[in-house]
$ cat final32.txt   # compact mmCIF, C-alpha atoms
# COMPACT_ATOMS: atom_id res chain seq x y z
CA MET A 1117 93.27 172.19 121.29
CA ALA A 1118 91.35 170.68 118.48
CA ILE A 1119 90.95 166.98 118.55
CA GLY A 1120 90.21 165.30 115.29
CA PRO A 1121 88.15 162.18 114.83
CA ILE A 1122 89.74 158.96 116.02
CA GLN A 1123 91.09 156.98 113.12
CA LYS A 1124 89.92 153.39 113.15
CA GLN A 1125 92.65 150.86 112.60
CA PRO A 1126 91.82 148.48 109.78
CA ALA A 1127 90.87 145.11 111.20
CA SER A 1128 93.38 142.42 110.38
CA SER A 1129 91.98 139.51 108.45
CA PRO A 1130 91.58 136.37 110.55
CA ASP A 1131 94.19 133.69 110.01
CA PRO A 1132 93.24 130.41 108.31
CA CYS A 1133 93.33 128.54 111.62
CA SER A 1134 90.77 130.89 113.19
CA ILE A 1135 88.50 130.64 110.16
CA ALA A 1136 88.69 126.84 110.20
CA ALA A 1137 88.02 126.73 113.95
CA GLN A 1138 85.02 129.04 113.69
CA ASN A 1139 83.62 126.98 110.84
CA LEU A 1140 83.94 123.77 112.85
CA ILE A 1141 82.38 125.40 115.93
CA GLY A 1142 79.48 126.57 113.80
CA LEU A 1143 78.88 123.03 112.59
CA LEU A 1144 79.16 121.49 116.07
CA THR A 1145 77.13 124.06 118.03
CA PRO A 1146 73.72 122.75 116.92
CA LEU A 1147 74.68 119.35 118.32
CA VAL A 1148 75.25 120.73 121.85
CA PRO A 1149 72.13 120.81 124.10
CA ASP A 1150 71.01 124.31 125.14
CA GLU A 1151 69.92 125.36 128.65
CA THR A 1152 66.59 123.60 128.22
CA GLY A 1153 68.39 120.35 127.42
CA SER A 1154 67.22 120.24 123.84
CA SER A 1155 69.44 120.06 120.80
CA SER A 1156 68.95 120.11 117.09
CA THR A 1157 68.06 116.87 115.39
CA PRO A 1158 70.55 115.44 112.90
CA LEU A 1159 68.32 116.62 110.07
CA GLN A 1160 68.73 120.21 111.24
CA THR A 1161 72.52 120.04 111.37
CA SER A 1162 75.17 119.80 108.74
CA SER A 1163 75.98 116.48 107.16
CA PRO A 1164 78.68 114.25 108.68
CA ARG A 1165 80.74 114.83 105.55
CA GLU A 1166 80.81 118.59 106.25
CA VAL A 1167 81.88 118.03 109.86
CA LEU A 1168 84.67 115.65 108.89
CA TYR A 1169 85.89 117.99 106.18
CA ALA A 1170 85.94 120.86 108.69
CA VAL A 1171 88.04 118.74 111.07
CA GLN A 1172 90.51 117.98 108.29
CA THR A 1173 90.72 121.66 107.36
CA LEU A 1174 91.38 122.72 110.95
CA VAL A 1175 94.04 120.07 111.56
CA SER A 1176 95.98 121.09 108.46
CA THR A 1177 96.19 124.71 109.70
CA LEU A 1178 97.32 124.01 113.27
CA ARG A 1179 101.00 123.82 112.34
CA PRO A 1180 101.47 125.63 109.03
CA GLU A 1181 105.27 125.34 109.09
CA SER A 1182 104.96 121.54 109.16
CA PRO A 1183 101.32 120.64 108.51
CA VAL A 1184 99.70 117.41 109.60
CA PHE A 1185 96.64 115.89 107.99
CA ALA A 1186 93.65 113.98 109.32
CA THR A 1187 91.93 111.10 107.62
CA PHE A 1188 89.07 108.80 108.53
CA HIS A 1189 88.35 105.11 108.10
CA ASP A 1190 84.93 103.55 107.63
CA GLY A 1191 85.95 100.43 109.56
CA ARG A 1192 85.63 98.19 106.53
CA VAL A 1193 88.48 96.20 104.98
CA HIS A 1194 88.50 96.37 101.21
CA ASP A 1195 90.38 93.48 99.59
CA PRO A 1196 89.70 93.57 95.85
CA LEU A 1197 91.06 90.78 93.70
CA GLY A 1198 93.80 91.69 91.29
CA GLY A 1199 96.52 90.13 89.20
CA GLY A 1200 97.13 86.47 89.95
CA SER A 1201 94.90 86.53 93.03
CA TYR A 1202 91.92 85.47 90.91
CA ALA A 1203 93.41 81.98 90.88
CA PHE A 1204 92.93 81.88 94.66
CA GLN A 1205 89.48 83.46 94.84
CA LYS A 1206 87.81 80.37 96.32
CA ASP A 1207 90.75 78.41 97.71
CA VAL A 1208 94.48 78.72 98.26
CA VAL A 1209 95.57 75.14 98.80
CA GLU A 1210 93.93 73.43 95.81
CA PRO A 1211 95.50 75.73 93.16
CA VAL A 1212 98.91 75.18 94.76
CA LEU A 1213 98.52 71.39 94.76
CA PHE A 1214 97.15 71.54 91.22
CA ALA A 1215 100.20 73.49 90.01
CA LEU A 1216 102.60 71.12 91.78
CA MET A 1217 100.83 68.11 90.29
CA ASN A 1218 101.01 69.56 86.78
CA ASP A 1219 104.68 70.33 87.22
CA GLU A 1220 105.32 66.76 88.29
CA ILE A 1221 103.35 65.31 85.37
CA LEU A 1222 105.20 67.45 82.83
CA SER A 1223 108.59 66.67 84.37
CA ASN A 1224 107.80 62.96 84.02
CA GLY A 1225 107.49 63.34 80.26
CA GLU A 1226 103.74 63.71 79.91
CA LYS A 1227 102.74 66.19 77.22
CA GLU A 1228 99.25 66.90 78.52
CA PRO A 1229 98.88 68.53 81.94
CA LEU A 1230 95.76 68.24 84.07
CA LEU A 1231 93.08 70.74 83.10
CA SER A 1232 91.54 70.70 86.57
CA MET A 1233 91.71 68.72 89.78
CA LYS A 1234 88.54 66.86 88.78
CA VAL A 1235 89.52 65.42 85.39
CA THR A 1236 90.59 61.86 84.72
CA PRO A 1237 94.36 61.62 85.12
CA PRO A 1238 96.75 60.00 82.64
CA LYS A 1239 96.67 56.21 82.76
CA ILE A 1240 100.04 55.95 84.49
CA TYR A 1241 98.51 57.51 87.61
CA SER A 1242 95.80 56.14 89.85
CA PRO A 1243 92.85 58.49 90.52
CA CYS A 1244 94.07 59.33 94.00
CA ASP A 1245 97.68 59.81 92.90
CA ALA A 1246 96.56 62.40 90.36
CA GLN A 1247 95.14 64.57 93.11
CA LEU A 1248 98.42 64.81 95.01
CA PRO A 1249 102.06 65.46 94.24
CA THR A 1250 104.49 62.73 95.26
CA ARG A 1251 107.63 64.81 95.72
CA PRO A 1252 108.41 66.58 99.03
CA ILE A 1253 106.96 70.08 99.26
CA VAL A 1254 109.15 72.85 100.67
CA LEU A 1255 107.86 76.37 101.27
CA HIS A 1256 110.61 78.98 101.10
CA ALA A 1257 110.80 82.25 103.01
CA GLY A 1258 113.72 84.56 103.59
CA ALA A 1259 114.89 87.39 105.79
CA GLN A 1260 117.82 89.72 106.21
CA PRO A 1261 119.06 89.34 109.81
CA ASN A 1262 120.01 93.01 110.03
CA ASN A 1263 117.58 93.71 112.88
CA SER A 1264 115.24 91.90 115.23
CA PRO A 1265 112.30 90.39 113.28
CA HIS A 1266 109.82 93.17 112.51
CA ALA A 1267 106.09 92.84 111.85
CA GLY A 1268 106.48 92.20 108.12
CA THR A 1269 108.99 89.38 108.64
CA ILE A 1270 106.87 87.77 111.35
CA ILE A 1271 103.78 87.88 109.11
CA VAL A 1272 105.68 86.20 106.26
CA PHE A 1273 106.97 83.48 108.59
CA CYS A 1274 103.48 82.93 110.02
CA TYR A 1275 102.00 82.64 106.55
CA ALA A 1276 104.67 80.15 105.43
CA PHE A 1277 104.01 77.81 108.35
CA SER A 1278 100.24 78.31 108.16
CA LEU A 1279 100.13 77.50 104.45
CA ALA A 1280 102.43 74.51 104.94
CA ARG A 1281 100.09 73.15 107.60
CA ALA A 1282 97.03 73.73 105.40
CA ILE A 1283 98.67 71.89 102.48
CA ARG A 1284 99.64 68.97 104.72
CA ASP A 1285 96.17 68.72 106.27
CA ARG A 1286 94.45 68.86 102.87
CA MET A 1287 96.60 66.04 101.52
CA ARG A 1288 96.03 63.94 104.63
CA ALA A 1289 92.28 64.39 104.25
CA THR A 1290 92.51 63.38 100.59
CA VAL A 1291 94.13 60.02 101.36
CA THR A 1292 91.99 59.22 104.40
CA GLY A 1293 90.80 55.62 104.17
CA THR A 1294 93.58 54.60 101.77
CA GLU A 1295 97.05 53.20 102.26
CA LEU A 1296 98.65 56.10 100.42
CA GLN A 1297 101.02 58.46 102.19
CA PRO A 1298 101.14 62.12 101.15
CA PRO A 1299 104.56 63.70 100.60
CA ALA A 1300 106.35 65.50 103.41
CA VAL A 1301 105.79 69.24 103.83
CA SER A 1302 108.36 71.55 105.41
CA VAL A 1303 109.45 75.18 105.58
CA GLU A 1304 112.88 76.47 104.64
CA ILE A 1305 114.00 79.84 105.99
CA THR A 1306 116.91 81.34 104.09
CA PHE A 1307 118.90 84.05 105.81
CA ILE A 1308 120.24 86.67 103.43
CA ASP A 1309 123.54 87.03 105.25
CA THR A 1310 125.01 88.86 102.26
CA ALA A 1311 123.18 92.10 103.11
CA PRO A 1312 125.49 95.06 103.88
CA VAL A 1313 126.49 95.72 107.48
CA PRO A 1314 125.81 99.34 108.55
CA GLY A 1315 129.06 101.14 109.21
CA HIS A 1316 131.00 98.81 106.91
CA GLU A 1317 130.09 100.51 103.63
CA THR A 1318 132.31 102.89 101.71
CA SER A 1319 132.38 104.72 98.38
CA ILE A 1320 135.60 105.13 96.40
CA GLU A 1321 135.57 107.14 93.18
CA GLY A 1322 131.81 106.71 92.90
CA ILE A 1323 131.90 102.91 93.36
CA GLN A 1324 130.14 101.45 96.41
CA TYR A 1325 131.76 98.71 98.46
CA GLN A 1326 130.37 96.78 101.40
CA LYS A 1327 131.05 94.12 103.97
CA SER A 1328 128.33 91.50 104.30
CA TYR A 1329 126.93 90.08 107.50
CA ARG A 1330 128.55 86.70 106.92
CA ASP A 1331 131.94 88.43 106.91
CA VAL A 1332 131.20 90.24 110.20
CA PRO A 1333 130.17 87.41 112.57
CA GLU A 1334 129.51 89.64 115.57
CA ALA A 1335 126.96 91.62 113.52
CA LEU A 1336 125.33 88.47 112.13
CA ASN A 1337 124.90 86.90 115.57
CA THR A 1338 123.28 89.98 117.12
CA HIS A 1339 119.68 89.01 116.27
CA MET A 1340 119.89 85.35 115.22
CA ALA A 1341 118.52 84.13 118.57
CA ASP A 1342 115.37 86.22 118.02
CA TYR A 1343 114.79 84.58 114.64
CA GLY A 1344 115.44 81.14 116.07
CA GLN A 1345 112.89 81.65 118.82
CA ILE A 1346 110.14 82.78 116.43
CA ILE A 1347 110.78 80.00 113.92
CA GLN A 1348 110.78 77.35 116.65
CA LEU A 1349 107.50 78.66 118.09
CA LEU A 1350 105.85 78.60 114.66
CA SER A 1351 107.14 75.10 113.97
CA THR A 1352 105.72 73.86 117.28
CA TRP A 1353 102.40 75.61 116.66
CA SER A 1354 101.98 74.21 113.15
CA ASP A 1355 103.69 70.85 113.70
CA ILE A 1356 105.68 71.57 110.53
CA PRO A 1357 109.44 70.86 110.45
CA PHE A 1358 111.81 73.56 109.25
CA GLU A 1359 115.33 74.06 108.04
CA THR A 1360 117.44 77.23 108.02
CA THR A 1361 119.95 77.95 105.29
CA PHE A 1362 122.34 80.70 104.29
CA GLN A 1363 123.48 82.12 100.97
CA SER A 1364 126.49 79.81 100.74
CA GLU A 1365 124.08 76.85 100.71
CA PHE A 1366 121.91 78.55 98.10
CA PHE A 1367 124.93 78.87 95.80
CA SER A 1368 126.01 75.29 96.57
CA GLN A 1369 123.14 73.70 94.66
CA PRO A 1370 124.35 71.18 92.05
CA VAL A 1371 122.64 73.12 89.26
CA MET A 1372 124.46 76.36 90.11
CA PRO A 1373 127.52 75.96 87.81
CA SER A 1374 125.37 75.58 84.70
CA LEU A 1375 123.13 78.48 85.75
CA LEU A 1376 126.12 80.74 86.28
CA ARG A 1377 127.57 79.78 82.90
CA TYR A 1378 124.29 80.80 81.30
CA ILE A 1379 124.22 84.10 83.20
CA ILE A 1380 127.81 84.86 82.26
CA ALA A 1381 127.10 84.09 78.60
CA HIS A 1382 124.21 86.59 78.67
CA TYR A 1383 125.51 89.04 81.26
CA GLU A 1384 125.12 92.13 79.07
CA THR A 1385 121.44 91.53 78.30
CA LEU A 1386 120.60 90.40 81.83
CA GLY A 1387 122.50 93.32 83.33
CA HIS A 1388 120.32 95.90 81.59
CA GLN A 1389 117.17 93.99 82.50
CA LEU A 1390 118.03 93.53 86.18
CA SER A 1391 119.69 96.90 86.78
CA PRO A 1392 118.61 99.66 84.39
CA LYS A 1393 120.61 102.18 86.45
CA TYR A 1394 124.00 100.51 86.00
CA GLY A 1395 123.34 97.89 83.32
CA LYS A 1396 125.27 95.32 85.37
CA ILE A 1397 124.46 92.08 87.17
CA ALA A 1398 125.01 92.59 90.89
CA LEU A 1399 127.06 89.47 91.54
CA ARG A 1400 129.62 89.94 94.31
CA ALA A 1401 132.41 88.11 96.08
CA ALA A 1402 134.20 89.40 99.15
CA CYS A 1403 137.92 90.03 98.91
CA PRO A 1404 139.63 86.83 100.14
CA VAL A 1405 142.51 88.69 101.82
CA LEU A 1406 142.34 88.06 105.57
CA GLY A 1407 140.76 90.98 107.39
CA CYS A 1408 139.48 92.70 104.24
CA GLY A 1409 136.18 91.20 103.04
CA LEU A 1410 135.16 94.18 100.89
CA ALA A 1411 132.85 93.45 97.96
CA GLU A 1412 131.88 95.77 95.14
CA LYS A 1413 128.17 96.31 95.74
CA HIS A 1414 126.67 96.53 92.24
CA GLY A 1415 129.09 94.46 90.16
CA ARG A 1416 129.98 97.48 88.03
CA LEU A 1417 133.67 96.52 87.78
CA ASN A 1418 133.16 92.78 87.27
CA LEU A 1419 134.86 91.10 84.32
CA TYR A 1420 133.38 87.96 82.76
CA SER A 1421 135.10 85.40 80.57
CA GLU A 1422 134.25 82.04 79.07
CA GLU A 1423 136.87 79.37 78.50
CA THR A 1424 136.13 76.03 76.89
CA ASN A 1425 138.01 73.06 78.29
CA THR A 1426 137.41 70.82 75.29
CA ASN A 1427 139.63 69.30 72.62
CA SER A 1428 136.87 69.03 70.05
CA GLU A 1429 134.10 71.26 68.82
CA THR A 1430 131.76 68.31 69.13
CA GLU A 1431 132.22 67.98 72.89
CA SER A 1432 129.46 69.12 75.20
CA PRO A 1433 129.49 72.80 76.23
CA LYS A 1434 128.88 71.59 79.78
CA ASN A 1435 132.65 71.25 80.04
CA SER A 1436 133.17 75.00 79.64
CA ASP A 1437 134.67 76.92 82.52
CA SER A 1438 133.50 80.50 83.03
CA MET A 1439 135.29 83.01 85.21
CA ILE A 1440 134.23 86.15 87.06
CA ALA A 1441 136.88 88.65 88.15
CA PHE A 1442 135.91 90.95 91.03
CA HIS A 1443 137.57 94.16 92.15
CA CYS A 1444 138.82 95.07 95.61
CA PRO A 1445 139.90 98.72 96.01
CA ARG A 1446 142.72 97.63 98.34
CA HIS A 1447 144.00 94.36 96.89
CA GLY A 1448 143.02 94.40 93.22
CA ARG A 1449 141.39 91.60 91.24
CA HIS A 1450 140.32 88.19 92.52
CA THR A 1451 138.41 85.55 90.57
CA ILE A 1452 136.02 82.65 90.99
CA SER A 1453 135.55 79.76 88.58
CA THR A 1454 132.21 78.15 87.78
CA SER A 1455 133.91 74.75 87.86
CA ASP A 1456 134.88 75.12 91.54
CA PRO A 1457 131.92 74.55 93.93
CA GLY A 1458 133.87 76.01 96.83
CA GLU A 1459 134.45 79.26 94.97
CA ILE A 1460 130.83 79.42 93.78
CA ALA A 1461 129.66 79.18 97.40
CA CYS A 1462 131.47 82.48 98.05
CA LEU A 1463 129.23 84.35 95.62
CA GLU A 1464 126.73 86.98 96.67
CA ALA A 1465 123.85 88.51 94.71
CA ASN A 1466 121.44 91.36 95.22
CA ALA A 1467 117.69 90.69 95.30
CA PRO A 1468 116.95 90.89 91.52
CA ALA A 1469 119.88 88.63 90.59
CA ARG A 1470 119.13 86.26 93.46
CA ASN A 1471 115.47 85.99 92.46
CA LEU A 1472 116.46 85.24 88.87
CA ILE A 1473 118.82 82.48 89.97
CA ARG A 1474 116.24 81.03 92.36
CA SER A 1475 113.56 80.94 89.65
CA MET A 1476 115.96 79.17 87.28
CA SER A 1477 117.01 76.60 89.86
$ encode --input "final32.txt" --output "structure tokens"
Amino acid sequence: MAIGPIQKQPASSPDPCSIAAQNLIGLLTPLVPDETGSSSTPLQTSSPREVLYAVQTLVSTLRPESPVFATFHDGRVHDPLGGGSYAFQKDVVEPVLFALMNDEILSNGEKEPLLSMKVTPPKIYSPCDAQLPTRPIVLHAGAQPNNSPHAGTIIVFCYAFSLARAIRDRMRATVTGTELQPPAVSVEITFIDTAPVPGHETSIEGIQYQKSYRDVPEALNTHMADYGQIIQLLSTWSDIPFETTFQSEFFSQPVMPSLLRYIIAHYETLGHQLSPKYGKIALRAACPVLGCGLAEKHGRLNLYSEETNTNSETESPKNSDSMIAFHCPRHGRHTISTSDPGEIACLEANAPARNLIRSMS
């Protein structure tokens, strides 16, 4: 029986993981001492960059169906200045006090603000007065109480109390040896209790509706004790007093009716600026029917109207009464009036609208 030559099977090409592993082994082998205890010097081996790249290549091939990636850190923190941070390159407190002082001077009718903290102040101020504001200073921070305070929230709270303490201490040092008293410094924490409660959101015909935390007390109270504990600890640590507020108090400011009238008068322009997706201002109000509490999330179905309660065209427009009509998918329209503080306090706003209102107030 004739036996032909044995056919060699073609060798399969190694997989990427094997190639990467062999490459890394080849780079690491010179670093391992041989039987005599000697090893190659760093100059005889590959560069660290090659070794690190080989590690990255191997890691990315270990799980090809869901790859992971390796990266390395040089242990240095890079914090380049950018944007408005140049104003705080050498100090944080002085630029803040300088801005507050300028704001106070301009609000008192002076046309010329201070050019620096070192210049001669207007004659109506004493030299020491010009270095400090006289009105109380309140640092604002906010949080959505939809979970226990996470690292980001805690950092913001820490920074608020730390900066408040630094401002207070700087002002105290400025008036040392004088009879002047610096203004009070405090922190105000605003809870955004108008955030949506998970499990209480629904979509009807493409329109999103929600229930807010303030309308679901058991959800709101779940984590409030955690926030209270952290805020109290920071207040004790910094010796800075604090106050907590909610959205109803934010919308209860005396200036709010006039701000809302302005927003309603310009709702089309502001809507496109604040919400390019929908072109609407996300003002909300929960349905007042007992047990309902649904609010249309993005304000897409809101109706705005302006009515003037004047008998003469010469009367002040401050007497105008603007209305917002909101939509509930179960109970229809309900309205609030800008002349009724109690109704205004029921308003809600998403972050862009809320930030606009806060900056205007």
$ residues_around --input "final32.txt" --residues "Gly1395 (chain A)" --least-positions-apart "2" --cutoff "10 Å" --atoms "all atoms listed in the file" --output "short mmCIF file (atom, residue, chain, number, x, y, z; two decimals) with C-alpha atoms, in the coordinates of the input"
data_model
loop_
_atom_site.label_atom_id
_atom_site.label_comp_id
_atom_site.auth_asym_id
_atom_site.auth_seq_id
_atom_site.Cartn_x
_atom_site.Cartn_y
_atom_site.Cartn_z
CA TYR A 1383 125.51 89.04 81.26
CA GLU A 1384 125.12 92.13 79.07
CA THR A 1385 121.44 91.53 78.30
CA LEU A 1386 120.60 90.40 81.83
CA GLY A 1387 122.50 93.32 83.33
CA HIS A 1388 120.32 95.90 81.59
CA GLN A 1389 117.17 93.99 82.50
CA LEU A 1390 118.03 93.53 86.18
CA SER A 1391 119.69 96.90 86.78
CA PRO A 1392 118.61 99.66 84.39
CA LYS A 1393 120.61 102.18 86.45
CA ILE A 1397 124.46 92.08 87.17
CA ALA A 1398 125.01 92.59 90.89
CA HIS A 1414 126.67 96.53 92.24
CA GLY A 1415 129.09 94.46 90.16
CA ARG A 1416 129.98 97.48 88.03
#
$ atom_distance --input "final32.txt" --atom1 "CA of Ala1469 (chain A)" --atom2 "CA of Glu1412 (chain A)"
14.7 Å
$ closest_residue --input "final32.txt" --among "A:Glu1422, A:Asp1131, A:Glu1321, A:Glu1464" --to "Tyr1378 (chain A)" --atoms "all atoms listed in the file"
A:Glu1422
$ residues_around --input "final32.txt" --residues "region 1341-1345 of chain A" --least-positions-apart "3" --cutoff "7 Å" --atoms "all atoms listed in the file" --output "list in words"
Ser1264, Pro1265, Gln1348 and Leu1349 of chain A
$ write_last_selection --input "final32.txt" --atoms "C-alpha atoms" --output "mmCIF file, in the frame of the given file"
data_model
loop_
_atom_site.group_PDB
_atom_site.id
_atom_site.type_symbol
_atom_site.label_atom_id
_atom_site.label_comp_id
_atom_site.auth_asym_id
_atom_site.auth_seq_id
_atom_site.Cartn_x
_atom_site.Cartn_y
_atom_site.Cartn_z
ATOM 1 C CA SER A 1264 115.240 91.900 115.230
ATOM 2 C CA PRO A 1265 112.300 90.390 113.280
ATOM 3 C CA GLN A 1348 110.780 77.350 116.650
ATOM 4 C CA LEU A 1349 107.500 78.660 118.090
#
$ atom_distance --input "final32.txt" --atom1 "CA of Cys1133 (chain A)" --atom2 "CA of Arg1165 (chain A)"
19.6 Å
$ closest_residue --input "final32.txt" --among "A:Cys1462, A:Ala1259, A:Leu1168, A:Cys1444" --to "Thr1318 (chain A)" --atoms "all atoms listed in the file"
A:Cys1444
$ residues_near_point --input "final32.txt" --point "(89.1, 117.4, 111.3)" --cutoff "12 Å" --atoms "only C-alpha atoms" --output "list in words"
Cys1133, Ala1136, Ala1137, Asn1139, Leu1140, Ile1141, Leu1143, Leu1144, Pro1164, Arg1165, Glu1166, Val1167, Leu1168, Tyr1169, Ala1170, Val1171, Gln1172, Thr1173, Leu1174, Val1175, Ser1176, Thr1177, Leu1178, Val1184, Phe1185, Ala1186, Thr1187 and Phe1188 of chain A
